[in-house]
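Worksheet: the structure to be examined is printed underneath.
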Amino acid sequence: MDTVASERSNMSSVAVLAVCQALGMSCMALSITITALVGSSLAPTPALATLPLALQFVATAVMTIPVSLFMGRYGRRAGFSVGSLLGIAGGVVSCLAVFLADFWVFCGGAALLGAFATHVALYRFAAADV
């Protein structure tokens with residue numbers, strides 16, 4: 001009986017992680033498209049139009065090791081919770097930047113979304129370990 005309950009729990013965990021990854025990757029695909037468009041409309045010069053998108057990718061790369069270390073120390077639940085908060089913060093800051101027509105605030109929001117993307121990329125490893 002314990003084996004059946006454990007197997008159901010594992011399947012449930014994998015399903016939740018798969019849904020989280022699917023939603024997170026959908027958000028990131030949408031964010032990449034919108035970041036380029038909004039960046040071009042808010043940029044003070046056309047040369048800076050893709051800076052928010054570049055910052056998003058740089059933040060994803062820079063945060064990879066710190067996020068892994070954080071999850072190793074505090075657990076995946078805490079790590080994914082922090083990642084979700086970064087995604088929410090990135091969305092709010094980016095939205096605020098659009099309403100204020102502030103390019104530099106938008107760059108900050110894009111960087112937060114890049115940090116969120118790092119967490120999203122780690123869902124598949126959590127699912128593989130279940």
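Naming works like this for the structure tokens: A, B, ... for the chains as they're shown, residue 1 at the start of each chain, ligands 1 onward in shown order.
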
Find the spatial neighbours of A:Arg77, counting only C-alpha atoms, within a cut-off of 12 Å - ignore same-chain residues fewer than 2 positions away - and output them as an mmCIF file with C-alpha atoms, in the first residue's frame.
```
data_model
loop_
_atom_site.group_PDB
_atom_site.id
_atom_site.type_symbol
_atom_site.label_atom_id
_atom_site.label_comp_id
_atom_site.auth_asym_id
_atom_site.auth_seq_id
_atom_site.Cartn_x
_atom_site.Cartn_y
_atom_site.Cartn_z
ATOM 1 C CA SER A 13 4.835 15.866 -8.245
ATOM 2 C CA LEU A 17 6.531 20.297 -12.178
ATOM 3 C CA PHE A 70 20.683 28.348 -3.298
ATOM 4 C CA MET A 71 18.535 25.332 -4.130
ATOM 5 C CA GLY A 72 21.244 22.985 -2.901
ATOM 6 C CA ARG A 73 21.335 24.774 0.432
ATOM 7 C CA TYR A 74 17.673 25.667 1.030
ATOM 8 C CA GLY A 75 15.848 23.156 -1.151
ATOM 9 C CA GLY A 79 14.268 28.070 -4.827
ATOM 10 C CA PHE A 80 11.181 27.774 -6.984
ATOM 11 C CA SER A 81 9.296 30.088 -4.624
ATOM 12 C CA VAL A 82 12.015 32.723 -4.971
ATOM 13 C CA GLY A 83 11.939 32.207 -8.738
ATOM 14 C CA SER A 84 8.197 32.762 -8.812
ATOM 15 C CA HIS A 119 14.501 29.023 -12.136
ATOM 16 C CA LEU A 122 15.575 23.973 -13.418
ATOM 17 C CA TYR A 123 12.062 22.473 -13.230
ATOM 18 C CA ALA A 126 13.577 18.503 -10.292
#
```

Name the residues in contact with A:Thr50 at a cut-off of 12 Å, using only C-alpha atoms, excluding same-chain residues fewer than 3 positions from it; report them as a ChimeraX atom specification. /A:32-47,53-57,103,106-107,110

I need the residues from that last selection saved to file as a PDB file, in the first residue's frame (with N, CA and C atoms), if you can.
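Saved result, result-v1.pdb, follows:
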```
ATOM      1  N   ILE A  32      10.116  37.174 -24.388  1.00  0.00           N
ATOM      2  CA  ILE A  32      11.159  37.444 -25.387  1.00  0.00           C
ATOM      3  C   ILE A  32      10.580  38.253 -26.546  1.00  0.00           C
ATOM      4  N   THR A  33       9.405  37.885 -26.997  1.00  0.00           N
ATOM      5  CA  THR A  33       8.768  38.602 -28.097  1.00  0.00           C
ATOM      6  C   THR A  33       8.405  40.026 -27.699  1.00  0.00           C
ATOM      7  N   ILE A  34       7.781  40.161 -26.555  1.00  0.00           N
ATOM      8  CA  ILE A  34       7.319  41.480 -26.119  1.00  0.00           C
ATOM      9  C   ILE A  34       8.490  42.376 -25.731  1.00  0.00           C
ATOM     10  N   THR A  35       9.528  41.820 -25.126  1.00  0.00           N
ATOM     11  CA  THR A  35      10.675  42.624 -24.717  1.00  0.00           C
ATOM     12  C   THR A  35      11.315  43.322 -25.911  1.00  0.00           C
ATOM     13  N   ALA A  36      11.441  42.628 -27.005  1.00  0.00           N
ATOM     14  CA  ALA A  36      12.027  43.245 -28.194  1.00  0.00           C
ATOM     15  C   ALA A  36      11.150  44.367 -28.735  1.00  0.00           C
ATOM     16  N   LEU A  37       9.854  44.146 -28.764  1.00  0.00           N
ATOM     17  CA  LEU A  37       8.934  45.162 -29.288  1.00  0.00           C
ATOM     18  C   LEU A  37       8.867  46.392 -28.382  1.00  0.00           C
ATOM     19  N   VAL A  38       8.724  46.161 -27.097  1.00  0.00           N
ATOM     20  CA  VAL A  38       8.644  47.283 -26.157  1.00  0.00           C
ATOM     21  C   VAL A  38       9.984  48.012 -26.087  1.00  0.00           C
ATOM     22  N   GLY A  39      11.069  47.267 -26.107  1.00  0.00           N
ATOM     23  CA  GLY A  39      12.388  47.885 -26.094  1.00  0.00           C
ATOM     24  C   GLY A  39      12.577  48.842 -27.260  1.00  0.00           C
ATOM     25  N   SER A  40      12.110  48.446 -28.425  1.00  0.00           N
ATOM     26  CA  SER A  40      12.262  49.327 -29.586  1.00  0.00           C
ATOM     27  C   SER A  40      11.394  50.570 -29.472  1.00  0.00           C
ATOM     28  N   SER A  41      10.269  50.470 -28.802  1.00  0.00           N
ATOM     29  CA  SER A  41       9.414  51.653 -28.672  1.00  0.00           C
ATOM     30  C   SER A  41       9.848  52.577 -27.531  1.00  0.00           C
ATOM     31  N   LEU A  42      10.506  52.030 -26.496  1.00  0.00           N
ATOM     32  CA  LEU A  42      10.923  52.858 -25.354  1.00  0.00           C
ATOM     33  C   LEU A  42      12.365  53.344 -25.444  1.00  0.00           C
ATOM     34  N   ALA A  43      13.175  52.724 -26.257  1.00  0.00           N
ATOM     35  CA  ALA A  43      14.610  53.036 -26.301  1.00  0.00           C
ATOM     36  C   ALA A  43      14.847  54.486 -26.717  1.00  0.00           C
ATOM     37  N   PRO A  44      15.771  55.141 -26.021  1.00  0.00           N
ATOM     38  CA  PRO A  44      16.086  56.520 -26.398  1.00  0.00           C
ATOM     39  C   PRO A  44      16.753  56.626 -27.769  1.00  0.00           C
ATOM     40  N   THR A  45      17.457  55.576 -28.154  1.00  0.00           N
ATOM     41  CA  THR A  45      18.050  55.512 -29.500  1.00  0.00           C
ATOM     42  C   THR A  45      17.824  54.104 -30.037  1.00  0.00           C
ATOM     43  N   PRO A  46      17.715  53.949 -31.342  1.00  0.00           N
ATOM     44  CA  PRO A  46      17.496  52.611 -31.916  1.00  0.00           C
ATOM     45  C   PRO A  46      18.597  51.607 -31.556  1.00  0.00           C
ATOM     46  N   ALA A  47      19.785  52.086 -31.288  1.00  0.00           N
ATOM     47  CA  ALA A  47      20.893  51.185 -30.946  1.00  0.00           C
ATOM     48  C   ALA A  47      20.664  50.461 -29.634  1.00  0.00           C
ATOM     49  N   LEU A  53      16.398  42.885 -23.904  1.00  0.00           N
ATOM     50  CA  LEU A  53      16.454  41.465 -24.245  1.00  0.00           C
ATOM     51  C   LEU A  53      17.829  40.886 -23.926  1.00  0.00           C
ATOM     52  N   ALA A  54      18.877  41.641 -24.208  1.00  0.00           N
ATOM     53  CA  ALA A  54      20.229  41.186 -23.879  1.00  0.00           C
ATOM     54  C   ALA A  54      20.394  41.031 -22.372  1.00  0.00           C
ATOM     55  N   LEU A  55      19.860  41.979 -21.610  1.00  0.00           N
ATOM     56  CA  LEU A  55      19.943  41.889 -20.146  1.00  0.00           C
ATOM     57  C   LEU A  55      19.190  40.673 -19.616  1.00  0.00           C
ATOM     58  N   GLN A  56      18.109  40.340 -20.275  1.00  0.00           N
ATOM     59  CA  GLN A  56      17.342  39.156 -19.876  1.00  0.00           C
ATOM     60  C   GLN A  56      18.209  37.903 -20.012  1.00  0.00           C
ATOM     61  N   PHE A  57      18.909  37.774 -21.112  1.00  0.00           N
ATOM     62  CA  PHE A  57      19.755  36.602 -21.327  1.00  0.00           C
ATOM     63  C   PHE A  57      20.991  36.621 -20.428  1.00  0.00           C
ATOM     64  N   PHE A 103      12.495  53.540 -20.173  1.00  0.00           N
ATOM     65  CA  PHE A 103      13.312  52.486 -20.769  1.00  0.00           C
ATOM     66  C   PHE A 103      14.203  51.797 -19.746  1.00  0.00           C
ATOM     67  N   PHE A 106      12.412  49.495 -17.518  1.00  0.00           N
ATOM     68  CA  PHE A 106      12.078  48.310 -18.305  1.00  0.00           C
ATOM     69  C   PHE A 106      13.270  47.359 -18.393  1.00  0.00           C
ATOM     70  N   CYS A 107      14.462  47.921 -18.511  1.00  0.00           N
ATOM     71  CA  CYS A 107      15.674  47.081 -18.523  1.00  0.00           C
ATOM     72  C   CYS A 107      15.797  46.304 -17.205  1.00  0.00           C
ATOM     73  N   ALA A 110      13.319  43.482 -17.234  1.00  0.00           N
ATOM     74  CA  ALA A 110      13.785  42.409 -18.123  1.00  0.00           C
ATOM     75  C   ALA A 110      14.846  41.560 -17.436  1.00  0.00           C
TER      76      ALA A 110
END
```

Name all residues at most 9 Å from A:Ala59 (count only C-alpha atoms; drop same-chain ones fewer than 5 positions away) and give them as a list in words. Ala54, Thr64, Ala110, Ala111, Leu112, Leu113, Gly114, Ala115, Phe116, Ala117 and Thr118 of chain A

Among listed residues A:Ser31, A:Leu48, A:Met63, A:Ala78, nearest A:Cys95 (using only C-alpha atoms):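 Checking each candidate against A:Cys95, we get A:Ser31 as the closest.
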